[in-house]
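Single-structure report; data block below.
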Amino acid sequence: SLLQEMGWEWEPFESNYHNVFQQSSYGEGNPVESFPSLSELCVRKVISDASLAHNAKDSVPITMLRELIDTAVKNGRYSSLAVLIENWPDSVFKLQTISLPYIVSISDDYDVEDRKTIIIKRTKLLITLVNKVIQLIQEGQTNIKVLDVTGYPLACDFLMTILKAFESGTETSAATKLTIVTDLYLSDSDCLNMNTEGIPRTVGLRVRVRNIYFSVTYGTERSFYWEVEYLKTLGKLLYDWGNTFEVDNVNGLELSRLDLRSFFVMMGGRADFFKVLCDFFKQLRVIDLSYNAINLNGCEVAPRILKSFFTRLTFLQRLDLSGNRLTNKLPVILSATLDLQYLNLTGTQLRQVDISYLARLKKLNQLDMSSNNLSNKLNILKNVFIALEEMEILEMEDCNLSQTHIDDLIPCLERMKKLKVLNLKGNDGIESVHLKCNVILDNIHDEEMYEEEEEIFYQPMHLFN
């Protein structure tokens with residue numbers, strides 16, 4: 001298959017499904033189920049078979065061609081997409097992101113196999129589309145000059161294949177024939193190989209990078225420091241390989257699960273890592289620092305470094321700090337970062353001073369405080385809720401809240417006029433919440449069924465939510 005030929009694995013690509021990188025697609029209320037129109041049925045039939053798509057592409061009007069392509073993308077019909085793209089009339093083609101409804105983007109509600117299926121579908125679409133467009137360009141059979149596949153990260157191996165298609169020596173003109181706008185996925189071994197072996201010298205291709213995802217392979221011995229190779233690769237993308245890559249306007253960086261806590265020991269031995277990132281990328285709007293086990297409590301070095309890092313990121317809007325211990329230090333590290341729209345603080349051991357500071361983040365429209373004990377912070381929460389008038393999605397899953405606590409908070413929650421989603425899963429005993437927004441609670445019916453089955457079989461059962 002396409003993916004097997006690349007030696008592709010799906011797990012690393014989960015990173016671009018982190019909520020910090022996904023603008024919420026949540027709409028008002030639940031979608032109303034309806035029968036598809038005759039037109040929709042015809043479109044689905046056409047894109048169900050590549051031969052039908054081939055017959056249709058030359059005879060349908062442009063508006064219908066666009067609808068066929070959109071439907072092919074949504075349904076993962078990559079063979080039909082490859083056929084239909086031959087007749088694309090414009091110089092720019094943007095691959096529409098396959099949006100996930102917000103509620104299923106909550107990790108506990110989204111089955112691993114479902115996630116795998118979506119990621120594989122998206123990657124097949126990407127590979128097929130890019131290969132087809134390159135073929136059409138080389139044959140001089142397309143108007144496409146800009147291919148925007150943001151939201152579909154390019155793996156390093158596939159990226160090298162693309163670069164080789166435009167390798168100097170195969171092209172005679174230095175004019176840019178194709179600009180690919182994309183996210184880039186790198187691993188520690190990718191960075192080492194690129195730094196050691198270099199990249200093909202290209203002619204006629206520009207790669208404009210929007211987000212950079214990164215992972216480290218654990219469990220194997222390395223003879224190099226991943227952070228050294230990572231920064232070296234970023235520097236080469238900016239300078240040495242600047243004739244091919246544009247990375248000066250990178251929007252987001254994923255730096256999750258990298259054990260960054262080790263950077264702050266021994267007086268911040270690798271503290272320059274964050275300074276270099278700031279020097280490289282001036283336009284960052286999204287940062288994912290989740291699950292690095294950073295401990296700010298009782299540490300002077302880490303809060304100072306992170307405060308400097310966030311302060312220099314003057315465009316920062318979306319930040320994931322989940323899985324780090326921020327106790328009593330949130331006001332310090334975010335003292336100059338007041339324009340955040342998304343903030344994930346899951347499992348960060350927040351105290352009252354941290355919760356209270358959230359009231360200053362007036363532009364927040366999505367806040368996740370899950371896995372923090374909020375039962376003894378109700379009065380502070382009330383002030384925060386009243387202050388955050390732009391809030392649309394509020395998550396307080398597994399926060400030791402009870403029905404009494406929620407009833408006490410209801411008047412303040414009602415003042416959040418833009419609130420669309422309130423996630424209260426994992427809080428024992430909350431049976432009803434009377435708000436106009438969509439409230440997510442534990443499924444009481446499922447819990448009762450589980451208890452009945454437990455009594456019947458006399459043994460515990462393991463449920464994977």
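Here's how to read the names in the structure tokens: chain A, B, ... by the order shown, residue numbers from 1 in each chain, ligand numbers from 1 in the order shown.
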
So which residues touch stretch 320-334 of chain A within 6 Å, counting only C-alpha atoms, skipping near sequence neighbours fewer than 4 positions away, as a VMD selection string?
chain A and resid 288 to 291 293 to 297 303 306 to 307 343 to 351 354 357

Residues from last step as file, N, CA and C atoms, as a CSV table (one decimal), in the first residue's frame:
```
chain,number,residue,atom,x,y,z
A,288,ASP,N,2.9,23.6,22.3
A,288,ASP,CA,2.5,22.4,23.0
A,288,ASP,C,3.7,21.9,23.8
A,289,LEU,N,3.6,22.1,25.1
A,289,LEU,CA,4.7,21.7,26.1
A,289,LEU,C,4.1,20.6,27.0
A,290,SER,N,3.1,19.9,26.6
A,290,SER,CA,2.4,19.0,27.5
A,290,SER,C,3.3,17.8,27.8
A,291,TYR,N,3.1,17.3,29.1
A,291,TYR,CA,3.6,16.1,29.6
A,291,TYR,C,5.1,16.0,29.5
A,293,ALA,N,6.8,16.7,32.4
A,293,ALA,CA,7.1,16.6,33.9
A,293,ALA,C,7.9,17.7,34.4
A,294,ILE,N,7.7,18.9,33.9
A,294,ILE,CA,8.4,20.1,34.4
A,294,ILE,C,7.8,20.4,35.8
A,295,ASN,N,8.7,20.6,36.7
A,295,ASN,CA,8.2,20.9,38.1
A,295,ASN,C,8.7,22.4,38.5
A,296,LEU,N,7.7,23.3,38.5
A,296,LEU,CA,8.0,24.6,38.9
A,296,LEU,C,8.0,24.9,40.3
A,297,ASN,N,7.4,24.0,41.1
A,297,ASN,CA,7.2,24.2,42.5
A,297,ASN,C,8.6,24.1,43.2
A,303,PRO,N,10.8,28.6,36.3
A,303,PRO,CA,9.8,29.7,36.1
A,303,PRO,C,10.4,30.9,35.4
A,306,LEU,N,10.9,29.9,31.6
A,306,LEU,CA,9.6,29.9,30.9
A,306,LEU,C,8.9,31.2,30.8
A,307,LYS,N,9.0,32.0,31.8
A,307,LYS,CA,8.5,33.4,31.7
A,307,LYS,C,9.1,34.2,30.6
A,343,LEU,N,-6.0,27.5,26.5
A,343,LEU,CA,-5.1,27.1,27.6
A,343,LEU,C,-5.5,25.8,28.2
A,344,ASN,N,-4.5,24.8,28.1
A,344,ASN,CA,-4.8,23.5,28.7
A,344,ASN,C,-3.9,23.3,29.9
A,345,LEU,N,-4.5,23.2,31.1
A,345,LEU,CA,-3.8,23.0,32.4
A,345,LEU,C,-4.2,21.7,33.0
A,346,THR,N,-4.5,20.7,32.3
A,346,THR,CA,-4.8,19.4,32.8
A,346,THR,C,-3.7,18.8,33.6
A,347,GLY,N,-4.1,18.4,34.9
A,347,GLY,CA,-3.1,17.7,35.7
A,347,GLY,C,-1.9,18.5,36.1
A,348,THR,N,-2.1,19.8,36.4
A,348,THR,CA,-0.9,20.7,36.7
A,348,THR,C,-0.8,21.1,38.1
A,349,GLN,N,-1.6,20.5,39.0
A,349,GLN,CA,-1.6,20.7,40.4
A,349,GLN,C,-1.7,22.2,40.8
A,350,LEU,N,-2.8,22.7,40.3
A,350,LEU,CA,-3.1,24.2,40.5
A,350,LEU,C,-3.5,24.5,41.9
A,351,ARG,N,-3.0,25.6,42.4
A,351,ARG,CA,-3.5,26.1,43.7
A,351,ARG,C,-4.3,27.4,43.5
A,354,ASP,N,-3.1,30.2,41.4
A,354,ASP,CA,-3.0,29.9,40.0
A,354,ASP,C,-4.4,30.1,39.3
A,357,TYR,N,-5.5,33.7,39.0
A,357,TYR,CA,-4.8,34.4,37.9
A,357,TYR,C,-5.5,34.3,36.6
```

Quick one: contact table of stretch 124-209 of chain A to stretch 63-81 of chain A, 12 Å max, nearest atom pair and distance in Å to one decimal per residue, counting only C-alpha atoms, chain and number order, as CSV?
```
residue,atom,partner,partner_atom,distance
A:Lys124,CA,A:Tyr78,CA,6.8
A:Leu125,CA,A:Tyr78,CA,5.0
A:Leu126,CA,A:Tyr78,CA,8.4
A:Ile127,CA,A:Tyr78,CA,9.0
A:Thr128,CA,A:Tyr78,CA,6.3
A:Leu129,CA,A:Leu81,CA,7.2
A:Val130,CA,A:Leu81,CA,10.9
A:Asn131,CA,A:Tyr78,CA,11.4
A:Lys132,CA,A:Leu81,CA,9.4
A:Val133,CA,A:Leu81,CA,10.9
A:Val149,CA,A:Val73,CA,11.9
```

Go ahead and dump the residues you just picked, N, CA, C and O atoms, as a compact mmCIF listing (two decimals), in the first residue's frame.
```txt
# COMPACT_ATOMS: atom_id res chain seq x y z
N LYS A 124 -3.26 8.99 3.44
CA LYS A 124 -3.42 8.49 2.08
C LYS A 124 -3.87 9.60 1.14
O LYS A 124 -3.41 9.68 -0.01
N LEU A 125 -4.78 10.43 1.61
CA LEU A 125 -5.21 11.58 0.80
C LEU A 125 -4.02 12.47 0.46
O LEU A 125 -3.85 12.90 -0.67
N LEU A 126 -3.20 12.75 1.47
CA LEU A 126 -2.05 13.63 1.29
C LEU A 126 -1.07 13.06 0.26
O LEU A 126 -0.66 13.74 -0.68
N ILE A 127 -0.68 11.79 0.45
CA ILE A 127 0.31 11.18 -0.43
C ILE A 127 -0.20 11.14 -1.87
O ILE A 127 0.51 11.50 -2.81
N THR A 128 -1.44 10.71 -2.04
CA THR A 128 -2.02 10.61 -3.38
C THR A 128 -2.09 11.97 -4.05
O THR A 128 -1.72 12.13 -5.22
N LEU A 129 -2.56 12.97 -3.32
CA LEU A 129 -2.73 14.31 -3.89
C LEU A 129 -1.38 14.92 -4.29
O LEU A 129 -1.23 15.43 -5.40
N VAL A 130 -0.41 14.87 -3.38
CA VAL A 130 0.89 15.48 -3.67
C VAL A 130 1.55 14.81 -4.86
O VAL A 130 2.07 15.47 -5.77
N ASN A 131 1.54 13.48 -4.87
CA ASN A 131 2.15 12.76 -6.00
C ASN A 131 1.47 13.12 -7.32
O ASN A 131 2.14 13.30 -8.35
N LYS A 132 0.15 13.23 -7.29
CA LYS A 132 -0.59 13.54 -8.51
C LYS A 132 -0.28 14.95 -9.01
O LYS A 132 -0.05 15.17 -10.21
N VAL A 133 -0.27 15.91 -8.10
CA VAL A 133 0.00 17.30 -8.49
C VAL A 133 1.41 17.43 -9.05
O VAL A 133 1.64 18.12 -10.05
N VAL A 149 -1.60 22.02 2.06
CA VAL A 149 -2.02 20.80 2.75
C VAL A 149 -1.80 20.95 4.25
O VAL A 149 -1.53 19.97 4.96
```

If you run DSSP on the backbone here, which positions in stretch 71-248 of chain A get helix (DSSP H, G or I)? Please write them as an MDAnalysis selection string.
chainID A and resid 71:74 78:87 102:105 107:109 112:139 156:165 188:197 226:240
